[in-house]
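Pasting final_2.txt here (compact mmCIF, N, CA and C atoms):
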# COMPACT_ATOMS: atom_id res chain seq x y z
N MET Y 1 58.05 -4.62 74.10
CA MET Y 1 58.37 -3.24 74.38
C MET Y 1 59.37 -2.70 73.36
N ARG Y 2 60.25 -3.55 72.89
CA ARG Y 2 61.23 -3.12 71.89
C ARG Y 2 60.54 -2.61 70.64
N ARG Y 3 59.52 -3.34 70.19
CA ARG Y 3 58.79 -2.93 69.00
C ARG Y 3 58.10 -1.57 69.22
N ALA Y 4 57.50 -1.39 70.38
CA ALA Y 4 56.85 -0.11 70.71
C ALA Y 4 57.88 1.03 70.74
N ASP Y 5 59.06 0.76 71.28
CA ASP Y 5 60.12 1.77 71.30
C ASP Y 5 60.53 2.17 69.89
N ILE Y 6 60.67 1.19 69.03
CA ILE Y 6 61.09 1.46 67.65
C ILE Y 6 60.02 2.27 66.92
N ILE Y 7 58.76 1.87 67.09
CA ILE Y 7 57.67 2.60 66.42
C ILE Y 7 57.57 4.02 66.95
N SER Y 8 57.61 4.18 68.26
CA SER Y 8 57.48 5.53 68.84
C SER Y 8 58.66 6.41 68.46
N ALA Y 9 59.87 5.87 68.45
CA ALA Y 9 61.05 6.66 68.07
C ALA Y 9 60.96 7.06 66.59
N ALA Y 10 60.50 6.15 65.74
CA ALA Y 10 60.36 6.48 64.31
C ALA Y 10 59.29 7.56 64.11
N LEU Y 11 58.18 7.46 64.83
CA LEU Y 11 57.14 8.49 64.73
C LEU Y 11 57.63 9.84 65.24
N LEU Y 12 58.36 9.84 66.35
CA LEU Y 12 58.91 11.09 66.87
C LEU Y 12 59.93 11.68 65.91
N LEU Y 13 60.74 10.84 65.29
CA LEU Y 13 61.70 11.31 64.31
C LEU Y 13 60.99 11.94 63.11
N ALA Y 14 59.96 11.27 62.60
CA ALA Y 14 59.20 11.81 61.47
C ALA Y 14 58.51 13.12 61.85
N PHE Y 15 57.91 13.15 63.04
CA PHE Y 15 57.25 14.37 63.50
C PHE Y 15 58.25 15.51 63.63
N GLY Y 16 59.41 15.23 64.20
CA GLY Y 16 60.45 16.25 64.35
C GLY Y 16 60.91 16.81 63.02
N LEU Y 17 61.11 15.93 62.05
CA LEU Y 17 61.52 16.39 60.72
C LEU Y 17 60.42 17.23 60.07
N LEU Y 18 59.18 16.83 60.26
CA LEU Y 18 58.06 17.60 59.73
C LEU Y 18 58.02 19.00 60.34
N VAL Y 19 58.20 19.07 61.64
CA VAL Y 19 58.18 20.38 62.31
C VAL Y 19 59.37 21.23 61.86
N ILE Y 20 60.55 20.63 61.76
CA ILE Y 20 61.74 21.39 61.38
C ILE Y 20 61.63 21.93 59.96
N PHE Y 21 61.17 21.10 59.03
CA PHE Y 21 61.21 21.50 57.62
C PHE Y 21 59.90 22.08 57.09
N VAL Y 22 58.79 21.91 57.81
CA VAL Y 22 57.51 22.41 57.31
C VAL Y 22 56.87 23.40 58.27
N VAL Y 23 56.63 22.98 59.51
CA VAL Y 23 55.85 23.78 60.44
C VAL Y 23 56.56 25.07 60.84
N ILE Y 24 57.79 24.99 61.29
CA ILE Y 24 58.50 26.19 61.74
C ILE Y 24 58.68 27.20 60.61
N PRO Y 25 59.13 26.79 59.43
CA PRO Y 25 59.27 27.81 58.36
C PRO Y 25 57.95 28.49 57.98
N ILE Y 26 56.84 27.78 58.09
CA ILE Y 26 55.55 28.36 57.70
C ILE Y 26 54.94 29.18 58.83
N TRP Y 27 54.98 28.69 60.06
CA TRP Y 27 54.22 29.29 61.15
C TRP Y 27 54.98 30.29 62.01
N VAL Y 28 56.29 30.15 62.12
CA VAL Y 28 57.04 31.01 63.03
C VAL Y 28 57.60 32.19 62.24
N PRO Y 29 57.26 33.41 62.66
CA PRO Y 29 57.71 34.59 61.90
C PRO Y 29 59.20 34.84 62.07
N GLY Y 30 59.77 35.47 61.07
CA GLY Y 30 61.17 35.90 61.15
C GLY Y 30 61.21 37.31 61.70
N HIS Y 31 62.16 38.08 61.24
CA HIS Y 31 62.30 39.45 61.73
C HIS Y 31 61.16 40.36 61.28
N GLU Y 32 60.42 39.98 60.25
CA GLU Y 32 59.30 40.81 59.84
C GLU Y 32 58.24 40.90 60.93
N GLY Y 33 58.24 39.96 61.87
CA GLY Y 33 57.30 40.00 62.98
C GLY Y 33 57.80 40.88 64.12
N GLY Y 34 58.98 41.45 63.98
CA GLY Y 34 59.57 42.30 65.01
C GLY Y 34 61.03 41.95 65.19
N ASN Y 35 61.85 42.91 65.47
CA ASN Y 35 63.28 42.67 65.61
C ASN Y 35 63.60 42.52 67.09
N TYR Y 36 63.88 41.29 67.50
CA TYR Y 36 64.18 41.01 68.91
C TYR Y 36 65.60 40.51 69.08
N GLY Y 37 66.47 40.82 68.14
CA GLY Y 37 67.84 40.32 68.22
C GLY Y 37 67.95 38.98 67.53
N LEU Y 38 67.58 37.93 68.24
CA LEU Y 38 67.56 36.60 67.64
C LEU Y 38 66.29 36.44 66.82
N LEU Y 39 66.35 35.58 65.83
CA LEU Y 39 65.15 35.26 65.06
C LEU Y 39 64.17 34.51 65.95
N ALA Y 40 62.89 34.69 65.67
CA ALA Y 40 61.86 33.99 66.44
C ALA Y 40 61.96 32.48 66.24
N GLN Y 41 62.54 32.06 65.10
CA GLN Y 41 62.65 30.62 64.83
C GLN Y 41 63.78 29.94 65.60
N ASP Y 42 64.69 30.70 66.17
CA ASP Y 42 65.88 30.10 66.78
C ASP Y 42 65.54 29.12 67.90
N ALA Y 43 64.69 29.51 68.85
CA ALA Y 43 64.35 28.62 69.97
C ALA Y 43 63.57 27.39 69.49
N PRO Y 44 62.55 27.55 68.62
CA PRO Y 44 61.86 26.34 68.15
C PRO Y 44 62.78 25.40 67.36
N TYR Y 45 63.65 25.98 66.52
CA TYR Y 45 64.58 25.13 65.77
C TYR Y 45 65.51 24.37 66.72
N LEU Y 46 66.07 25.06 67.68
CA LEU Y 46 66.97 24.41 68.63
C LEU Y 46 66.27 23.29 69.39
N THR Y 47 65.07 23.60 69.88
CA THR Y 47 64.30 22.61 70.62
C THR Y 47 64.00 21.38 69.77
N MET Y 48 63.53 21.60 68.55
CA MET Y 48 63.16 20.47 67.69
C MET Y 48 64.37 19.70 67.19
N ILE Y 49 65.48 20.38 66.96
CA ILE Y 49 66.70 19.67 66.54
C ILE Y 49 67.17 18.75 67.66
N VAL Y 50 67.14 19.25 68.90
CA VAL Y 50 67.55 18.41 70.03
C VAL Y 50 66.59 17.23 70.20
N ALA Y 51 65.27 17.50 70.19
CA ALA Y 51 64.28 16.43 70.37
C ALA Y 51 64.36 15.40 69.24
N THR Y 52 64.50 15.86 68.01
CA THR Y 52 64.59 14.96 66.87
C THR Y 52 65.89 14.16 66.92
N GLY Y 53 66.97 14.80 67.32
CA GLY Y 53 68.24 14.09 67.46
C GLY Y 53 68.17 13.01 68.52
N LEU Y 54 67.51 13.30 69.64
CA LEU Y 54 67.35 12.29 70.68
C LEU Y 54 66.48 11.13 70.20
N ALA Y 55 65.44 11.43 69.42
CA ALA Y 55 64.60 10.37 68.85
C ALA Y 55 65.43 9.49 67.91
N LEU Y 56 66.29 10.10 67.12
CA LEU Y 56 67.16 9.34 66.22
C LEU Y 56 68.13 8.45 67.00
N VAL Y 57 68.72 9.00 68.05
CA VAL Y 57 69.64 8.20 68.89
C VAL Y 57 68.90 7.02 69.51
N PHE Y 58 67.69 7.27 70.01
CA PHE Y 58 66.90 6.20 70.62
C PHE Y 58 66.54 5.13 69.59
N LEU Y 59 66.15 5.56 68.39
CA LEU Y 59 65.81 4.61 67.33
C LEU Y 59 67.01 3.75 66.96
N VAL Y 60 68.16 4.37 66.78
CA VAL Y 60 69.37 3.62 66.44
C VAL Y 60 69.74 2.66 67.57
N ARG Y 61 69.62 3.13 68.80
CA ARG Y 61 69.95 2.27 69.95
C ARG Y 61 69.06 1.03 69.98
N ARG Y 62 67.74 1.23 69.81
CA ARG Y 62 66.82 0.08 69.89
C ARG Y 62 66.92 -0.82 68.66
N LEU Y 63 67.28 -0.27 67.51
CA LEU Y 63 67.41 -1.09 66.31
C LEU Y 63 68.69 -1.91 66.29
N PHE Y 64 69.80 -1.31 66.71
CA PHE Y 64 71.10 -1.95 66.49
C PHE Y 64 71.88 -2.32 67.74
N ILE Y 65 71.58 -1.72 68.88
CA ILE Y 65 72.42 -1.94 70.06
C ILE Y 65 71.69 -2.74 71.13
N ASP Y 66 70.56 -2.26 71.58
CA ASP Y 66 69.83 -2.88 72.69
C ASP Y 66 68.67 -3.72 72.15
N HIS Y 67 68.84 -5.03 72.21
CA HIS Y 67 67.81 -5.94 71.68
C HIS Y 67 66.95 -6.55 72.79
N SER Y 68 67.08 -6.06 74.02
CA SER Y 68 66.29 -6.61 75.11
C SER Y 68 64.82 -6.25 74.92
N ASP Y 69 63.96 -7.06 75.50
CA ASP Y 69 62.53 -6.82 75.38
C ASP Y 69 61.90 -6.96 76.76
N GLU Y 70 61.77 -5.84 77.46
CA GLU Y 70 61.22 -5.84 78.81
C GLU Y 70 59.77 -5.37 78.79
N ASP Y 71 59.12 -5.47 79.95
CA ASP Y 71 57.74 -5.01 80.06
C ASP Y 71 57.68 -3.49 79.95
N ALA Y 72 56.52 -2.99 79.55
CA ALA Y 72 56.33 -1.54 79.44
C ALA Y 72 56.43 -0.90 80.82
N PRO Y 73 57.11 0.24 80.92
CA PRO Y 73 57.27 0.90 82.22
C PRO Y 73 56.00 1.60 82.70
N ILE Y 74 55.03 1.80 81.82
CA ILE Y 74 53.79 2.49 82.18
C ILE Y 74 52.67 1.48 82.25
N PRO Y 75 51.98 1.40 83.39
CA PRO Y 75 50.85 0.47 83.48
C PRO Y 75 49.72 0.86 82.53
N LYS Y 76 48.94 -0.12 82.13
CA LYS Y 76 47.86 0.13 81.17
C LYS Y 76 46.86 1.16 81.68
N GLU Y 77 46.64 1.22 82.98
CA GLU Y 77 45.68 2.16 83.54
C GLU Y 77 46.11 3.61 83.34
N SER Y 78 47.39 3.85 83.17
CA SER Y 78 47.89 5.22 83.05
C SER Y 78 47.68 5.81 81.66
N TRP Y 79 47.42 5.00 80.67
CA TRP Y 79 47.25 5.50 79.31
C TRP Y 79 46.02 6.40 79.19
N GLY Y 80 44.96 6.09 79.90
CA GLY Y 80 43.78 6.95 79.89
C GLY Y 80 44.08 8.33 80.45
N PHE Y 81 44.85 8.35 81.53
CA PHE Y 81 45.26 9.63 82.13
C PHE Y 81 46.11 10.43 81.14
N LEU Y 82 47.04 9.77 80.47
CA LEU Y 82 47.87 10.45 79.48
C LEU Y 82 47.04 10.99 78.32
N ALA Y 83 46.04 10.24 77.90
CA ALA Y 83 45.15 10.71 76.83
C ALA Y 83 44.37 11.93 77.29
N LEU Y 84 43.89 11.92 78.53
CA LEU Y 84 43.17 13.07 79.06
C LEU Y 84 44.06 14.31 79.14
N VAL Y 85 45.30 14.13 79.55
CA VAL Y 85 46.25 15.24 79.58
C VAL Y 85 46.45 15.80 78.17
N ALA Y 86 46.56 14.93 77.18
CA ALA Y 86 46.72 15.38 75.80
C ALA Y 86 45.52 16.20 75.35
N VAL Y 87 44.33 15.76 75.69
CA VAL Y 87 43.11 16.50 75.32
C VAL Y 87 43.11 17.87 75.98
N VAL Y 88 43.49 17.94 77.25
CA VAL Y 88 43.53 19.22 77.97
C VAL Y 88 44.56 20.15 77.31
N LEU Y 89 45.70 19.63 76.94
CA LEU Y 89 46.73 20.46 76.31
C LEU Y 89 46.29 20.95 74.94
N ILE Y 90 45.58 20.13 74.19
CA ILE Y 90 45.06 20.55 72.88
C ILE Y 90 44.01 21.64 73.07
N ALA Y 91 43.14 21.47 74.05
CA ALA Y 91 42.14 22.51 74.35
C ALA Y 91 42.82 23.81 74.75
N THR Y 92 43.89 23.72 75.52
CA THR Y 92 44.64 24.90 75.93
C THR Y 92 45.27 25.59 74.73
N LEU Y 93 45.79 24.81 73.81
CA LEU Y 93 46.38 25.38 72.60
C LEU Y 93 45.35 26.22 71.85
N PHE Y 94 44.15 25.68 71.68
CA PHE Y 94 43.10 26.43 70.99
C PHE Y 94 42.68 27.67 71.79
N LEU Y 95 42.56 27.54 73.09
CA LEU Y 95 42.22 28.70 73.92
C LEU Y 95 43.27 29.79 73.78
N MET Y 96 44.54 29.42 73.88
CA MET Y 96 45.61 30.42 73.79
C MET Y 96 45.67 31.04 72.40
N GLU Y 97 45.39 30.27 71.38
CA GLU Y 97 45.43 30.79 70.01
C GLU Y 97 44.28 31.75 69.75
N PHE Y 98 43.09 31.42 70.21
CA PHE Y 98 41.92 32.21 69.85
C PHE Y 98 41.50 33.22 70.91
N VAL Y 99 41.86 33.00 72.16
CA VAL Y 99 41.46 33.93 73.22
C VAL Y 99 42.67 34.61 73.85
N GLY Y 100 43.81 33.94 73.88
CA GLY Y 100 45.03 34.55 74.40
C GLY Y 100 45.60 33.79 75.59
N VAL Y 101 46.82 34.18 75.94
CA VAL Y 101 47.55 33.52 77.03
C VAL Y 101 46.84 33.69 78.37
N LEU Y 102 46.28 34.86 78.58
CA LEU Y 102 45.66 35.12 79.87
C LEU Y 102 44.36 34.34 80.07
N ALA Y 103 43.80 33.75 79.02
CA ALA Y 103 42.64 32.88 79.17
C ALA Y 103 43.05 31.41 79.18
N GLY Y 104 43.97 31.04 78.31
CA GLY Y 104 44.40 29.64 78.23
C GLY Y 104 45.28 29.23 79.40
N GLY Y 105 46.10 30.15 79.88
CA GLY Y 105 47.00 29.83 80.99
C GLY Y 105 46.29 29.39 82.26
N PRO Y 106 45.35 30.19 82.76
CA PRO Y 106 44.64 29.77 83.97
C PRO Y 106 43.89 28.45 83.79
N PHE Y 107 43.34 28.24 82.61
CA PHE Y 107 42.64 26.98 82.34
C PHE Y 107 43.55 25.79 82.52
N VAL Y 108 44.69 25.81 81.84
CA VAL Y 108 45.58 24.64 81.91
C VAL Y 108 46.16 24.46 83.31
N VAL Y 109 46.51 25.55 83.98
CA VAL Y 109 47.06 25.43 85.33
C VAL Y 109 46.01 24.83 86.28
N ALA Y 110 44.79 25.36 86.23
CA ALA Y 110 43.74 24.86 87.12
C ALA Y 110 43.40 23.40 86.84
N VAL Y 111 43.21 23.05 85.59
CA VAL Y 111 42.85 21.67 85.25
C VAL Y 111 43.97 20.70 85.61
N MET Y 112 45.21 21.06 85.30
CA MET Y 112 46.33 20.16 85.61
C MET Y 112 46.51 20.01 87.12
N MET Y 113 46.34 21.10 87.86
CA MET Y 113 46.44 20.98 89.32
C MET Y 113 45.38 20.03 89.85
N TYR Y 114 44.15 20.17 89.35
CA TYR Y 114 43.07 19.27 89.78
C TYR Y 114 43.38 17.83 89.40
N MET Y 115 43.87 17.62 88.19
CA MET Y 115 44.18 16.26 87.74
C MET Y 115 45.31 15.63 88.56
N MET Y 116 46.20 16.46 89.08
CA MET Y 116 47.32 15.95 89.87
C MET Y 116 46.96 15.76 91.34
N GLY Y 117 45.70 16.05 91.69
CA GLY Y 117 45.26 15.73 93.03
C GLY Y 117 44.98 16.90 93.94
N GLU Y 118 45.26 18.11 93.52
CA GLU Y 118 44.97 19.28 94.36
C GLU Y 118 43.47 19.51 94.39
N ARG Y 119 42.89 19.63 95.58
CA ARG Y 119 41.45 19.80 95.71
C ARG Y 119 41.05 21.08 96.43
N ARG Y 120 42.02 21.86 96.90
CA ARG Y 120 41.70 23.11 97.60
C ARG Y 120 41.42 24.21 96.57
N PRO Y 121 40.17 24.68 96.51
CA PRO Y 121 39.81 25.68 95.50
C PRO Y 121 40.64 26.96 95.57
N LEU Y 122 40.95 27.41 96.77
CA LEU Y 122 41.73 28.64 96.90
C LEU Y 122 43.13 28.46 96.31
N ALA Y 123 43.77 27.35 96.62
CA ALA Y 123 45.11 27.10 96.08
C ALA Y 123 45.08 27.00 94.55
N ILE Y 124 44.09 26.29 94.02
CA ILE Y 124 43.96 26.17 92.57
C ILE Y 124 43.70 27.54 91.94
N GLY Y 125 42.76 28.28 92.51
CA GLY Y 125 42.39 29.58 91.95
C GLY Y 125 43.54 30.57 91.96
N VAL Y 126 44.21 30.69 93.09
CA VAL Y 126 45.31 31.65 93.19
C VAL Y 126 46.44 31.27 92.25
N THR Y 127 46.83 30.02 92.24
CA THR Y 127 47.92 29.58 91.37
C THR Y 127 47.54 29.73 89.90
N ALA Y 128 46.30 29.37 89.56
CA ALA Y 128 45.86 29.44 88.17
C ALA Y 128 45.80 30.87 87.65
N VAL Y 129 45.59 31.83 88.53
CA VAL Y 129 45.54 33.23 88.10
C VAL Y 129 46.91 33.89 88.17
N VAL Y 130 47.62 33.68 89.27
CA VAL Y 130 48.90 34.38 89.48
C VAL Y 130 49.99 33.88 88.53
N ALA Y 131 50.12 32.58 88.33
CA ALA Y 131 51.20 32.05 87.49
C ALA Y 131 51.13 32.55 86.05
N PRO Y 132 49.99 32.46 85.36
CA PRO Y 132 49.94 32.98 83.99
C PRO Y 132 50.15 34.49 83.90
N ILE Y 133 49.64 35.24 84.88
CA ILE Y 133 49.86 36.68 84.87
C ILE Y 133 51.35 36.99 85.05
N ALA Y 134 52.03 36.24 85.92
CA ALA Y 134 53.46 36.44 86.12
C ALA Y 134 54.25 36.12 84.85
N VAL Y 135 53.89 35.03 84.17
CA VAL Y 135 54.57 34.67 82.92
C VAL Y 135 54.30 35.74 81.87
N TRP Y 136 53.03 36.16 81.75
CA TRP Y 136 52.68 37.21 80.79
C TRP Y 136 53.45 38.49 81.08
N ALA Y 137 53.49 38.92 82.34
CA ALA Y 137 54.18 40.15 82.71
C ALA Y 137 55.67 40.05 82.42
N PHE Y 138 56.25 38.89 82.68
CA PHE Y 138 57.68 38.70 82.42
C PHE Y 138 57.99 38.86 80.94
N PHE Y 139 57.24 38.16 80.09
CA PHE Y 139 57.54 38.21 78.66
C PHE Y 139 57.06 39.51 78.02
N TRP Y 140 55.84 39.93 78.31
CA TRP Y 140 55.25 41.06 77.62
C TRP Y 140 55.81 42.39 78.12
N LYS Y 141 55.90 42.55 79.42
CA LYS Y 141 56.30 43.83 79.99
C LYS Y 141 57.81 43.94 80.19
N LEU Y 142 58.42 42.92 80.78
CA LEU Y 142 59.85 43.00 81.08
C LEU Y 142 60.70 42.78 79.83
N LEU Y 143 60.44 41.69 79.09
CA LEU Y 143 61.24 41.39 77.90
C LEU Y 143 60.68 42.04 76.64
N GLU Y 144 59.48 42.61 76.72
CA GLU Y 144 58.81 43.22 75.58
C GLU Y 144 58.69 42.25 74.41
N PHE Y 145 58.36 41.01 74.74
CA PHE Y 145 58.19 39.96 73.75
C PHE Y 145 56.71 39.61 73.70
N PRO Y 146 56.04 39.87 72.57
CA PRO Y 146 54.58 39.67 72.53
C PRO Y 146 54.17 38.21 72.63
N LEU Y 147 53.11 37.99 73.37
CA LEU Y 147 52.50 36.67 73.47
C LEU Y 147 51.14 36.71 72.79
N PRO Y 148 50.66 35.57 72.30
CA PRO Y 148 49.36 35.59 71.62
C PRO Y 148 48.21 35.92 72.56
Take the structure in the file and write it out as structure tokens.
Amino acid sequence: MRRADIISAALLLAFGLLVIFVVIPIWVPGHEGGNYGLLAQDAPYLTMIVATGLALVFLVRRLFIDHSDEDAPIPKESWGFLALVAVVLIATLFLMEFVGVLAGGPFVVAVMMYMMGERRPLAIGVTAVVAPIAVWAFFWKLLEFPLP
């Protein structure tokens, strides 16, 4: 498990640095995309700096401080479920990018609710429609912050 921790922390650190120095400067607009007080990059930068910093702390801890080697906390059967969740989230990303939040939001809410064990169609349907509309209304109408 120690080796897996070191590899995963190093990958997360590399990914975080890539996002901080390449992805955010290229993909996230500055004030030319609209003047909202803070730059649009501020929240992504803060989030990625914190996540990358935590990955660095974890890597240093596993390399130099904690040399124990325990069993993995996640059973092997759960990895398939995690892979399926990743596929659903990637599909949602594409839906939100190409169709919009109001199409991608209900999809991810409904699918995740079903995957987590909810089987009542009415509960899934109402939640999948109401939650994304509420988020959209909050950001788009109340805060006047455009969503894709």
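You will find atom C of Y:Ala134 at 13.5 Å from atom CA of Y:Gly104.
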*asked:* If you run DSSP on the backbone here, which positions in stretch 39-133 of chain Y get alpha helix (DSSP H)? Please write them as a VMD selection string.
replied: chain Y and resid 42 to 60 78 to 98 101 to 115 121 to 133
Would you mind listing what lies within 8 Å of Y:Ala72 as a list of chain:residue names, with all atoms listed in the file counted and same-chain residues fewer than 3 positions away left out?
Y:Met1, Y:Arg2, Y:Asp69, Y:Pro75, Y:Lys76
Exercise for review: Just give me the gap between atom CA of Y:Leu56 and atom N of Y:Arg3 in Å, one decimal is fine.
Suggested key: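 Distance between the two atoms: 15.3 Å.
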Got a sec to check which residues sit within 8 Å of (62.0, 9.0, 65.7), counting all atoms listed in the file, and write them as a PDB file with N, CA and C atoms, in the frame of the given file?
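See point.pdb below for the written result:
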ATOM      1  N   ILE Y   6      60.670   1.190  69.030  1.00  0.00           N
ATOM      2  CA  ILE Y   6      61.090   1.460  67.650  1.00  0.00           C
ATOM      3  C   ILE Y   6      60.020   2.270  66.920  1.00  0.00           C
ATOM      4  N   ILE Y   7      58.760   1.870  67.090  1.00  0.00           N
ATOM      5  CA  ILE Y   7      57.670   2.600  66.420  1.00  0.00           C
ATOM      6  C   ILE Y   7      57.570   4.020  66.950  1.00  0.00           C
ATOM      7  N   SER Y   8      57.610   4.180  68.260  1.00  0.00           N
ATOM      8  CA  SER Y   8      57.480   5.530  68.840  1.00  0.00           C
ATOM      9  C   SER Y   8      58.660   6.410  68.460  1.00  0.00           C
ATOM     10  N   ALA Y   9      59.870   5.870  68.450  1.00  0.00           N
ATOM     11  CA  ALA Y   9      61.050   6.660  68.070  1.00  0.00           C
ATOM     12  C   ALA Y   9      60.960   7.060  66.590  1.00  0.00           C
ATOM     13  N   ALA Y  10      60.500   6.150  65.740  1.00  0.00           N
ATOM     14  CA  ALA Y  10      60.360   6.480  64.310  1.00  0.00           C
ATOM     15  C   ALA Y  10      59.290   7.560  64.110  1.00  0.00           C
ATOM     16  N   LEU Y  11      58.180   7.460  64.830  1.00  0.00           N
ATOM     17  CA  LEU Y  11      57.140   8.490  64.730  1.00  0.00           C
ATOM     18  C   LEU Y  11      57.630   9.840  65.240  1.00  0.00           C
ATOM     19  N   LEU Y  12      58.360   9.840  66.350  1.00  0.00           N
ATOM     20  CA  LEU Y  12      58.910  11.090  66.870  1.00  0.00           C
ATOM     21  C   LEU Y  12      59.930  11.680  65.910  1.00  0.00           C
ATOM     22  N   LEU Y  13      60.740  10.840  65.290  1.00  0.00           N
ATOM     23  CA  LEU Y  13      61.700  11.310  64.310  1.00  0.00           C
ATOM     24  C   LEU Y  13      60.990  11.940  63.110  1.00  0.00           C
ATOM     25  N   ALA Y  14      59.960  11.270  62.600  1.00  0.00           N
ATOM     26  CA  ALA Y  14      59.200  11.810  61.470  1.00  0.00           C
ATOM     27  C   ALA Y  14      58.510  13.120  61.850  1.00  0.00           C
ATOM     28  N   PHE Y  15      57.910  13.150  63.040  1.00  0.00           N
ATOM     29  CA  PHE Y  15      57.250  14.370  63.500  1.00  0.00           C
ATOM     30  C   PHE Y  15      58.250  15.510  63.630  1.00  0.00           C
ATOM     31  N   GLY Y  16      59.410  15.230  64.200  1.00  0.00           N
ATOM     32  CA  GLY Y  16      60.450  16.250  64.350  1.00  0.00           C
ATOM     33  C   GLY Y  16      60.910  16.810  63.020  1.00  0.00           C
ATOM     34  N   LEU Y  17      61.110  15.930  62.050  1.00  0.00           N
ATOM     35  CA  LEU Y  17      61.520  16.390  60.720  1.00  0.00           C
ATOM     36  C   LEU Y  17      60.420  17.230  60.070  1.00  0.00           C
ATOM     37  N   ALA Y  51      65.270  17.500  70.190  1.00  0.00           N
ATOM     38  CA  ALA Y  51      64.280  16.430  70.370  1.00  0.00           C
ATOM     39  C   ALA Y  51      64.360  15.400  69.240  1.00  0.00           C
ATOM     40  N   THR Y  52      64.500  15.860  68.010  1.00  0.00           N
ATOM     41  CA  THR Y  52      64.590  14.960  66.870  1.00  0.00           C
ATOM     42  C   THR Y  52      65.890  14.160  66.920  1.00  0.00           C
ATOM     43  N   GLY Y  53      66.970  14.800  67.320  1.00  0.00           N
ATOM     44  CA  GLY Y  53      68.240  14.090  67.460  1.00  0.00           C
ATOM     45  C   GLY Y  53      68.170  13.010  68.520  1.00  0.00           C
ATOM     46  N   LEU Y  54      67.510  13.300  69.640  1.00  0.00           N
ATOM     47  CA  LEU Y  54      67.350  12.290  70.680  1.00  0.00           C
ATOM     48  C   LEU Y  54      66.480  11.130  70.200  1.00  0.00           C
ATOM     49  N   ALA Y  55      65.440  11.430  69.420  1.00  0.00           N
ATOM     50  CA  ALA Y  55      64.600  10.370  68.850  1.00  0.00           C
ATOM     51  C   ALA Y  55      65.430   9.490  67.910  1.00  0.00           C
ATOM     52  N   LEU Y  56      66.290  10.100  67.120  1.00  0.00           N
ATOM     53  CA  LEU Y  56      67.160   9.340  66.220  1.00  0.00           C
ATOM     54  C   LEU Y  56      68.130   8.450  67.000  1.00  0.00           C
ATOM     55  N   VAL Y  57      68.720   9.000  68.050  1.00  0.00           N
ATOM     56  CA  VAL Y  57      69.640   8.200  68.890  1.00  0.00           C
ATOM     57  C   VAL Y  57      68.900   7.020  69.510  1.00  0.00           C
ATOM     58  N   PHE Y  58      67.690   7.270  70.010  1.00  0.00           N
ATOM     59  CA  PHE Y  58      66.900   6.200  70.620  1.00  0.00           C
ATOM     60  C   PHE Y  58      66.540   5.130  69.590  1.00  0.00           C
ATOM     61  N   LEU Y  59      66.150   5.560  68.390  1.00  0.00           N
ATOM     62  CA  LEU Y  59      65.810   4.610  67.330  1.00  0.00           C
ATOM     63  C   LEU Y  59      67.010   3.750  66.960  1.00  0.00           C
ATOM     64  N   VAL Y  60      68.160   4.370  66.780  1.00  0.00           N
ATOM     65  CA  VAL Y  60      69.370   3.620  66.440  1.00  0.00           C
ATOM     66  C   VAL Y  60      69.740   2.660  67.570  1.00  0.00           C
TER      67      VAL Y  60
END
| In terms of the shortest atom-to-atom distance over only N, CA and C atoms, which of Y:Ala40, Y:Val111, Y:Met48, Y:Leu122 is closest to Y:Val19? |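 Closest to Y:Val19 of all the choices is Y:Met48.
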ask   = At what distance in Å, to one decimal, does atom C of Y:Ile124 lie from atom N of Y:Val99?
value =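 A separation of 20.6 Å between them.
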Exercise for review: Compare Y:Glu118, Y:Gly80, Y:Pro73, Y:Ile133 by their minimum atom-to-atom distance to Y:Val101, counting only N, CA and C atoms, and give me the closest one.
Suggested key: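 Using only N, CA and C atoms, Y:Val101 sits closest to Y:Ile133.
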Do a neighbour search on Y:Thr92 at 6.5 Å with all atoms listed in the file, toss out local chain neighbours closer than 4 positions, and write the hits as a list in words.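 Counting all atoms listed in the file, the residues come to Val87, Val88, Met96, Glu97, Gly104 and Val108 of chain Y.
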Q: Quick one: everything within 6.5 Å of Y:Pro132, counting only N, CA and C atoms, minus sequence neighbours fewer than 3 positions away in the same chain. Send it as a list of chain:residue names.
A: Y:Val101, Y:Leu102, Y:Gly105, Y:Pro106, Y:Thr127, Y:Ala128, Y:Val129, Y:Val135, Y:Trp136, Y:Ala137
At a cut-off of 8 Å, using only N, CA and C atoms, what residues contact Y:Val28? Leave out same-chain residues fewer than 6 positions from it and give the result as number ranges by chain. Y: 22, 39-41
